[in-house]
file upload.txt (compact mmCIF, C-alpha atoms and all ligand atoms)
# COMPACT_ATOMS: atom_id res chain seq x y z
CA MET I 1 22.16 67.84 -11.86
CA PRO I 2 24.35 65.96 -9.39
CA ASN I 3 24.14 67.24 -5.82
CA ALA I 4 27.30 66.66 -3.78
CA ARG I 5 25.50 66.34 -0.43
CA ALA I 6 22.95 63.93 -1.92
CA GLN I 7 25.80 61.82 -3.31
CA GLU I 8 27.56 61.81 0.06
CA LEU I 9 24.42 60.85 1.98
CA VAL I 10 22.65 58.48 -0.41
CA GLU I 11 25.78 56.64 -1.53
CA GLY I 12 27.07 56.54 2.04
CA LEU I 13 23.75 55.18 3.30
CA GLN I 14 23.64 52.59 0.52
CA LYS I 15 27.13 51.40 1.44
CA THR I 16 26.16 51.18 5.12
CA ILE I 17 23.03 49.20 4.23
CA PHE I 18 25.03 46.83 1.99
CA GLU I 19 27.45 46.13 4.84
CA PHE I 20 24.52 45.60 7.19
CA MET I 21 22.79 43.20 4.75
CA ARG I 22 25.95 41.12 4.41
CA GLU I 23 26.60 41.06 8.14
CA HIS I 24 23.06 39.84 8.86
CA LYS I 25 22.76 37.69 5.71
CA VAL I 26 19.49 39.40 4.81
CA THR I 27 17.36 37.12 2.64
CA HIS I 28 15.31 38.14 -0.36
CA ASP I 29 12.12 37.46 1.62
CA GLU I 30 13.30 39.79 4.39
CA TYR I 31 14.18 42.45 1.86
CA ARG I 32 10.62 42.21 0.48
CA VAL I 33 9.09 42.38 3.98
CA ALA I 34 10.95 45.67 4.49
CA THR I 35 9.97 47.26 1.16
CA ASP I 36 6.35 46.11 1.59
CA LEU I 37 6.32 47.61 5.08
CA LEU I 38 7.45 51.00 3.77
CA ALA I 39 4.80 50.87 1.05
CA GLU I 40 2.18 49.94 3.65
CA THR I 41 3.07 52.88 5.92
CA ILE I 42 2.22 55.21 3.05
CA GLN I 43 -1.13 53.49 2.40
CA ALA I 44 -1.89 53.73 6.13
CA GLY I 45 -0.80 57.38 6.30
CA GLU I 46 1.91 56.38 8.78
CA GLN I 47 5.04 57.30 6.88
CA SER I 48 5.96 60.23 9.18
CA LEU I 49 4.92 58.26 12.23
CA LEU I 50 7.21 55.33 11.43
CA TYR I 51 10.21 57.52 10.63
CA ASP I 52 9.72 59.86 13.58
CA ILE I 53 9.37 56.95 16.03
CA PHE I 54 12.49 55.19 14.80
CA PHE I 55 14.84 57.92 13.57
CA GLU I 56 13.96 61.49 14.51
CA ALA I 57 15.49 61.46 18.02
CA GLU I 58 18.89 60.79 16.46
CA VAL I 59 18.87 63.85 14.18
CA THR I 60 17.69 65.93 17.12
CA ASP I 61 20.53 64.64 19.31
CA ILE I 62 23.01 65.46 16.55
CA ALA I 63 21.63 69.01 16.29
CA ASN I 64 21.79 69.42 20.09
CA THR I 65 25.41 68.33 20.35
CA GLY I 66 27.67 71.23 21.25
CA ARG I 67 24.90 73.74 20.65
CA ASP I 68 23.87 76.48 23.07
CA GLY I 69 20.35 77.14 24.40
CA SER I 70 17.75 74.70 25.73
CA PRO I 71 17.74 71.19 24.27
CA GLU I 72 15.50 70.69 21.29
CA ALA I 73 13.23 67.66 20.94
CA ILE I 74 11.66 65.77 18.07
CA GLU I 75 8.84 67.51 16.23
CA GLY I 76 6.90 64.28 15.72
CA PRO I 77 4.39 63.62 12.96
CA PHE I 78 1.52 65.81 14.18
CA TYR I 79 2.74 69.41 13.95
CA LEU I 80 0.57 71.60 11.73
CA PRO I 81 1.37 75.21 10.80
CA GLY I 82 -1.37 77.84 11.04
CA ALA I 83 -2.78 77.06 14.51
CA PRO I 84 -5.18 79.70 15.91
CA GLU I 85 -3.58 82.88 17.26
CA LEU I 86 -4.86 83.29 20.82
CA GLU I 87 -5.90 86.47 22.64
CA ALA I 88 -4.64 87.21 26.18
CA PRO I 89 -5.27 85.81 28.74
CA PHE I 90 -4.20 82.79 26.75
CA MET I 91 -6.22 79.60 26.80
CA LEU I 92 -5.56 76.85 24.30
CA THR I 93 -8.52 76.23 21.99
CA GLN I 94 -10.61 73.52 23.65
CA ARG I 95 -14.08 72.04 23.99
CA ALA I 96 -16.42 73.67 26.55
CA ASP I 97 -16.32 70.44 28.55
CA GLU I 98 -12.72 69.48 27.76
CA LYS I 99 -11.84 66.36 29.75
CA GLY I 100 -8.79 66.46 32.02
CA ASP I 101 -7.19 68.52 34.77
CA VAL I 102 -6.51 72.20 34.19
CA LEU I 103 -2.84 72.91 33.44
CA LEU I 104 -1.13 76.29 33.58
CA PHE I 105 2.00 76.13 31.44
CA MET I 106 4.31 79.04 32.09
CA GLY I 107 7.84 80.33 32.15
CA ARG I 108 10.20 82.60 30.33
CA VAL I 109 11.90 82.80 26.99
CA THR I 110 15.38 84.30 26.91
CA ASP I 111 18.30 84.37 24.53
CA THR I 112 21.61 82.69 25.36
CA ALA I 113 22.86 85.91 27.01
CA GLY I 114 19.90 85.71 29.43
CA ARG I 115 18.06 88.64 27.85
CA PRO I 116 14.26 88.25 27.90
CA LEU I 117 12.72 87.76 24.48
CA ALA I 118 9.57 89.86 24.28
CA ASP I 119 6.90 89.00 21.73
CA ALA I 120 8.35 85.57 20.98
CA GLU I 121 5.73 83.32 19.37
CA ILE I 122 4.99 80.05 21.13
CA ASP I 123 3.21 77.44 19.04
CA LEU I 124 1.82 74.76 21.39
CA TRP I 125 0.13 71.49 20.46
CA HIS I 126 -0.61 68.36 22.45
CA ALA I 127 -2.88 65.35 22.88
CA ASP I 128 -6.13 65.50 24.84
CA ALA I 129 -6.98 63.55 28.00
CA ASP I 130 -7.64 60.47 25.83
CA GLY I 131 -4.26 60.76 24.10
CA ARG I 132 -5.75 62.04 20.83
CA TYR I 133 -4.55 64.87 18.56
CA SER I 134 -6.89 67.24 16.72
CA ASN I 135 -6.68 67.35 12.91
CA ILE I 136 -5.34 63.76 13.11
CA ASP I 137 -8.09 61.96 14.98
CA PRO I 138 -11.44 62.81 13.33
CA SER I 139 -13.28 62.48 16.66
CA VAL I 140 -11.55 65.63 17.98
CA PRO I 141 -12.69 69.11 16.79
CA ALA I 142 -10.36 70.92 14.39
CA TRP I 143 -7.46 72.78 16.07
CA ASN I 144 -8.44 71.53 19.52
CA LEU I 145 -5.46 71.96 21.91
CA ARG I 146 -3.39 73.74 19.30
CA GLY I 147 -2.61 77.44 19.35
CA ARG I 148 -0.11 80.28 19.15
CA PHE I 149 0.50 82.99 21.72
CA ARG I 150 3.26 85.42 22.67
CA THR I 151 5.63 86.30 25.47
CA ASP I 152 5.18 89.63 27.28
CA ALA I 153 7.72 92.47 27.60
CA GLU I 154 9.73 90.44 30.18
CA GLY I 155 9.75 87.37 27.99
CA ARG I 156 7.19 85.62 30.17
CA TYR I 157 4.41 83.37 28.96
CA LYS I 158 1.43 81.72 30.61
CA VAL I 159 -1.24 79.64 28.94
CA ARG I 160 -4.11 77.61 30.27
CA THR I 161 -4.73 74.16 28.86
CA ILE I 162 -5.37 70.63 30.20
CA VAL I 163 -2.92 67.93 31.29
CA PRO I 164 -2.42 65.65 28.28
CA GLN I 165 -2.27 61.88 28.67
CA SER I 166 0.10 59.33 27.19
CA TYR I 167 -0.30 58.88 23.46
CA GLU I 168 -0.69 55.37 22.06
CA ILE I 169 0.41 54.75 18.49
CA PRO I 170 -2.21 52.81 16.49
CA LYS I 171 -1.52 49.20 17.46
CA CYS I 172 -2.86 47.65 14.28
CA GLY I 173 -0.95 49.74 11.78
CA PRO I 174 2.50 48.93 10.35
CA THR I 175 4.36 51.06 12.97
CA GLY I 176 2.55 49.30 15.83
CA ARG I 177 3.29 45.90 14.30
CA VAL I 178 7.00 46.67 14.12
CA LEU I 179 7.05 47.80 17.77
CA ASP I 180 5.15 44.64 18.74
CA ALA I 181 7.65 42.43 16.88
CA LEU I 182 10.41 44.12 18.89
CA GLY I 183 8.57 43.46 22.16
CA ARG I 184 7.99 47.17 22.72
CA HIS I 185 4.74 48.88 23.71
CA CYS I 186 3.17 51.65 21.62
CA PHE I 187 3.06 54.48 24.16
CA ARG I 188 4.75 57.85 24.29
CA PRO I 189 4.81 59.48 27.75
CA ALA I 190 2.45 62.45 28.17
CA HIS I 191 4.05 65.53 26.62
CA LEU I 192 3.57 69.08 25.38
CA HIS I 193 4.97 70.03 21.97
CA VAL I 194 6.21 73.57 21.37
CA LYS I 195 7.86 75.63 18.70
CA ILE I 196 9.27 78.98 19.74
CA ARG I 197 10.05 81.69 17.25
CA HIS I 198 11.65 85.08 17.54
CA PRO I 199 12.48 87.15 14.45
CA ASP I 200 15.91 88.23 15.76
CA VAL I 201 17.04 84.87 17.11
CA GLY I 202 15.35 82.04 15.23
CA GLU I 203 13.17 79.04 15.96
CA MET I 204 13.38 75.98 18.15
CA THR I 205 11.26 72.83 18.56
CA SER I 206 10.88 71.19 21.94
CA GLN I 207 8.77 68.84 24.03
CA ILE I 208 8.09 68.97 27.73
CA TYR I 209 7.57 65.74 29.69
CA PHE I 210 6.29 65.45 33.26
CA LYS I 211 8.57 64.25 36.05
CA GLY I 212 7.47 60.88 37.42
CA GLY I 213 5.18 60.29 34.43
CA ARG I 214 4.51 56.87 32.96
CA TYR I 215 6.63 55.57 30.06
CA LEU I 216 9.41 58.14 30.52
CA GLU I 217 11.90 55.26 30.58
CA SER I 218 10.32 53.30 27.75
CA ASP I 219 9.16 55.95 25.27
CA SER I 220 8.31 54.21 21.99
CA ALA I 221 10.09 57.09 20.18
CA ASN I 222 13.04 56.96 22.60
CA ALA I 223 13.03 60.76 22.64
CA VAL I 224 12.94 61.73 26.34
CA ARG I 225 16.04 63.67 27.44
CA ASP I 226 16.93 65.00 30.90
CA GLY I 227 16.61 68.71 30.13
CA LEU I 228 13.06 68.23 28.84
CA ILE I 229 11.43 66.95 32.03
CA ALA I 230 9.53 69.47 34.16
CA GLU I 231 7.62 69.11 37.39
CA LEU I 232 3.86 68.93 37.30
CA ILE I 233 2.74 70.67 40.50
CA ARG I 234 -0.76 70.16 41.89
CA HIS I 235 -2.61 73.04 43.55
CA GLU I 236 -5.67 72.52 45.71
CA ARG I 237 -5.68 75.34 48.27
CA ASP I 238 -8.89 77.40 48.19
CA GLU I 239 -7.03 80.69 47.69
CA ASP I 240 -5.08 79.26 44.72
CA LEU I 241 -8.28 77.98 43.13
CA ALA I 242 -10.02 81.32 43.75
CA ALA I 243 -7.09 83.23 42.23
CA HIS I 244 -7.62 81.32 39.00
CA ASN I 245 -11.39 81.17 39.16
CA LEU I 246 -11.32 77.37 39.33
CA ASP I 247 -13.50 75.05 41.37
CA LYS I 248 -11.26 71.98 41.26
CA PRO I 249 -7.55 71.31 41.78
CA TYR I 250 -5.27 72.29 38.90
CA PHE I 251 -1.64 71.73 37.92
CA ASP I 252 1.12 73.98 36.77
CA VAL I 253 4.37 73.43 34.95
CA THR I 254 7.13 76.00 34.65
CA TYR I 255 9.73 75.74 31.92
CA ASN I 256 12.19 78.43 30.91
CA PHE I 257 13.32 78.28 27.30
CA VAL I 258 16.69 79.57 26.17
CA LEU I 259 16.33 80.06 22.44
CA PRO I 260 19.49 78.70 20.78
CA SER I 261 21.51 81.33 18.94
CA GLY I 262 22.27 78.85 16.19
CA VAL I 263 25.93 79.18 17.09
CA LEU I 264 27.73 75.92 17.77
CA ALA I 265 29.71 75.97 21.01
CA VAL I 266 32.46 74.02 19.23
CA ALA I 267 32.60 76.59 16.43
CA ARG I 268 32.88 79.37 19.02
CA ALA I 269 35.62 77.54 20.91
CA VAL I 270 37.64 77.23 17.71
CA ALA I 271 37.21 80.89 16.71
C1 LIG I 301 3.47 61.60 18.99
O1 LIG I 301 2.63 62.35 19.73
C2 LIG I 301 4.73 62.00 18.89
O2 LIG I 301 5.08 63.12 19.54
C3 LIG I 301 5.65 61.26 18.16
C4 LIG I 301 7.05 61.67 18.07
C5 LIG I 301 5.25 60.12 17.51
C6 LIG I 301 3.96 59.71 17.61
C7 LIG I 301 3.07 60.45 18.34
FE FE I 302 3.29 64.04 20.37

call {"tool": "encode", "arguments": {"input": "upload.txt", "output": "structure tokens"}}
result
Amino acid sequence: MPNARAQELVEGLQKTIFEFMREHKVTHDEYRVATDLLAETIQAGEQSLLYDIFFEAEVTDIANTGRDGSPEAIEGPFYLPGAPELEAPFMLTQRADEKGDVLLFMGRVTDTAGRPLADAEIDLWHADADGRYSNIDPSVPAWNLRGRFRTDAEGRYKVRTIVPQSYEIPKCGPTGRVLDALGRHCFRPAHLHVKIRHPDVGEMTSQIYFKGGRYLESDSANAVRDGLIAELIRHERDEDLAAHNLDKPYFDVTYNFVLPSGVLAVARAVA
């Protein structure tokens, strides 16, 4: 059964690629390098990684254009549904001796009218202090630093975790080889991934980066956007540590999410 959207996209893409091949006089050898590379990403389990590094930021930018709410960010290749549901006070699933500085991630979730969204589900996942993701890197316990929790009656959330470090894409795999051939490094700046869901409003996917962090200007996925950078604030005063039952300095990050209504600002302007 022909699908009109598939025809528009696939035939349009094919035409664009033909024009590109002519412009750059692509040789048969180069064509084979490209098809072999795509086959190799599948063998290496890197197909999502390669596509998300090179293309996902563009679809996210398109979706963000003219839309209300907080900016969305790329999902990346490592999201997994079904993360543990946490009990309050929320602490992301972690090893007893989890490496890294304590991080309190907090803020509010509201709708585009500024109304607090109570009982919104926040699905948080991020790399550990060595830049590794659970359920991806076999050396990390299952579901480590992945979990779901909810906002309170005022739409507020607060979760304890650790400050993640920059993530380095496997250097030896096909994705790393392409980046190397382009003269680019394999790092993504340290980041938190979130999905936020509310039954009345919908779902959004975001990422939070840390102001002043390394690789913000040279992200291998080119996915850092202004509205996604939050300040990592260090706390070391005795009374702050005591208030959180901690014996070493910790950090906090506050980020307020405005869950998009799904309404395009342009569509509204026209109506
Ligand atoms: C990541 O952690 C990530 O977020 C993306 C987009 C690609 C590779 C690793
Ligand atoms: Fe990531």

call {"tool": "closest_atom_pairs", "arguments": {"input": "upload.txt", "of": "chain I", "to": "ligand FE 302 (chain I)", "cutoff": "9 Å", "atoms": "all atoms listed in the file", "output": "CSV"}}
result
residue,atom,partner,partner_atom,distance
I:Ile74,CA,I:FE302,FE,8.9
I:Glu75,CA,I:FE302,FE,7.7
I:Gly76,CA,I:FE302,FE,5.9
I:Pro77,CA,I:FE302,FE,7.5
I:Phe78,CA,I:FE302,FE,6.7
I:Tyr79,CA,I:FE302,FE,8.4
I:Trp125,CA,I:FE302,FE,8.1
I:His126,CA,I:FE302,FE,6.2
I:Ala127,CA,I:FE302,FE,6.8
I:Tyr133,CA,I:FE302,FE,8.1
I:Ser166,CA,I:FE302,FE,8.9
I:Tyr167,CA,I:FE302,FE,7.0
I:Arg188,CA,I:FE302,FE,7.5
I:Pro189,CA,I:FE302,FE,8.8
I:Ala190,CA,I:FE302,FE,8.0
I:His191,CA,I:FE302,FE,6.5
I:Leu192,CA,I:FE302,FE,7.1
I:His193,CA,I:FE302,FE,6.4
I:Gln207,CA,I:FE302,FE,8.2

call {"tool": "axis_aligned_box", "arguments": {"input": "upload.txt", "around": "ligand LIG 301 (chain I)", "padding_each_side": "6 Å", "output": "lines of an AutoDock Vina configuration file"}}
result
center_x = 4.8
center_y = 61.4
center_z = 18.6
size_x = 16.4
size_y = 15.4
size_z = 14.2

call {"tool": "residues_near_point", "arguments": {"input": "upload.txt", "point": "(13.9, 58.9, 26.5)", "cutoff": "12 Å", "atoms": "all atoms listed in the file", "output": "JSON, numbers by chain"}}
result
{"I": [53, 57, 58, 61, 73, 74, 187, 188, 189, 191, 207, 208, 209, 213, 214, 215, 216, 217, 218, 219, 220, 221, 222, 223, 224, 225, 226, 227, 228, 229]}

call {"tool": "write_last_selection", "arguments": {"input": "upload.txt", "atoms": "C-alpha atoms", "output": "mmCIF file, in the coordinates of the input"}}
result
data_model
loop_
_atom_site.group_PDB
_atom_site.id
_atom_site.type_symbol
_atom_site.label_atom_id
_atom_site.label_comp_id
_atom_site.auth_asym_id
_atom_site.auth_seq_id
_atom_site.Cartn_x
_atom_site.Cartn_y
_atom_site.Cartn_z
ATOM 1 C CA ILE I 53 9.370 56.950 16.030
ATOM 2 C CA ALA I 57 15.490 61.460 18.020
ATOM 3 C CA GLU I 58 18.890 60.790 16.460
ATOM 4 C CA ASP I 61 20.530 64.640 19.310
ATOM 5 C CA ALA I 73 13.230 67.660 20.940
ATOM 6 C CA ILE I 74 11.660 65.770 18.070
ATOM 7 C CA PHE I 187 3.060 54.480 24.160
ATOM 8 C CA ARG I 188 4.750 57.850 24.290
ATOM 9 C CA PRO I 189 4.810 59.480 27.750
ATOM 10 C CA HIS I 191 4.050 65.530 26.620
ATOM 11 C CA GLN I 207 8.770 68.840 24.030
ATOM 12 C CA ILE I 208 8.090 68.970 27.730
ATOM 13 C CA TYR I 209 7.570 65.740 29.690
ATOM 14 C CA GLY I 213 5.180 60.290 34.430
ATOM 15 C CA ARG I 214 4.510 56.870 32.960
ATOM 16 C CA TYR I 215 6.630 55.570 30.060
ATOM 17 C CA LEU I 216 9.410 58.140 30.520
ATOM 18 C CA GLU I 217 11.900 55.260 30.580
ATOM 19 C CA SER I 218 10.320 53.300 27.750
ATOM 20 C CA ASP I 219 9.160 55.950 25.270
ATOM 21 C CA SER I 220 8.310 54.210 21.990
ATOM 22 C CA ALA I 221 10.090 57.090 20.180
ATOM 23 C CA ASN I 222 13.040 56.960 22.600
ATOM 24 C CA ALA I 223 13.030 60.760 22.640
ATOM 25 C CA VAL I 224 12.940 61.730 26.340
ATOM 26 C CA ARG I 225 16.040 63.670 27.440
ATOM 27 C CA ASP I 226 16.930 65.000 30.900
ATOM 28 C CA GLY I 227 16.610 68.710 30.130
ATOM 29 C CA LEU I 228 13.060 68.230 28.840
ATOM 30 C CA ILE I 229 11.430 66.950 32.030
#

call {"tool": "residues_around", "arguments": {"input": "upload.txt", "residues": "Met91 (chain I)", "least_positions_apart": "2", "cutoff": "8 Å", "atoms": "only C-alpha atoms", "output": "PDB file with C-alpha atoms, in the coordinates of the input"}}
result
ATOM      1  CA  LEU I  86      -4.860  83.290  20.820  1.00  0.00           C
ATOM      2  CA  ALA I  88      -4.640  87.210  26.180  1.00  0.00           C
ATOM      3  CA  PRO I  89      -5.270  85.810  28.740  1.00  0.00           C
ATOM      4  CA  THR I  93      -8.520  76.230  21.990  1.00  0.00           C
ATOM      5  CA  VAL I 159      -1.240  79.640  28.940  1.00  0.00           C
ATOM      6  CA  ARG I 160      -4.110  77.610  30.270  1.00  0.00           C
ATOM      7  CA  THR I 161      -4.730  74.160  28.860  1.00  0.00           C
TER       8      THR I 161
END

call {"tool": "atom_distance", "arguments": {"input": "upload.txt", "atom1": "CA of Gly69 (chain I)", "atom2": "CA of Lys195 (chain I)"}}
result
13.8 Å

call {"tool": "residues_around", "arguments": {"input": "upload.txt", "residues": "Val140 (chain I)", "least_positions_apart": "2", "cutoff": "12 Å", "atoms": "all atoms listed in the file", "output": "PyMOL selection string"}}
result
chain I and resi 93-95+98-99+127-138+142-146

call {"tool": "residues_around", "arguments": {"input": "upload.txt", "residues": "region 168-181 of chain I", "least_positions_apart": "3", "cutoff": "8 Å", "atoms": "all atoms listed in the file", "output": "list in words"}}
result
Leu37, Glu40, Thr41, Ala44, Glu46, Leu49, Leu50, Gly131, Arg184, His185, Cys186, Phe187, Arg188 and Ser220 of chain I

call {"tool": "closest_residue", "arguments": {"input": "upload.txt", "among": "I:Phe149, I:Tyr157, I:Phe55, I:Phe257", "to": "ligand LIG 301 (chain I)", "atoms": "all atoms listed in the file"}}
result
I:Phe55
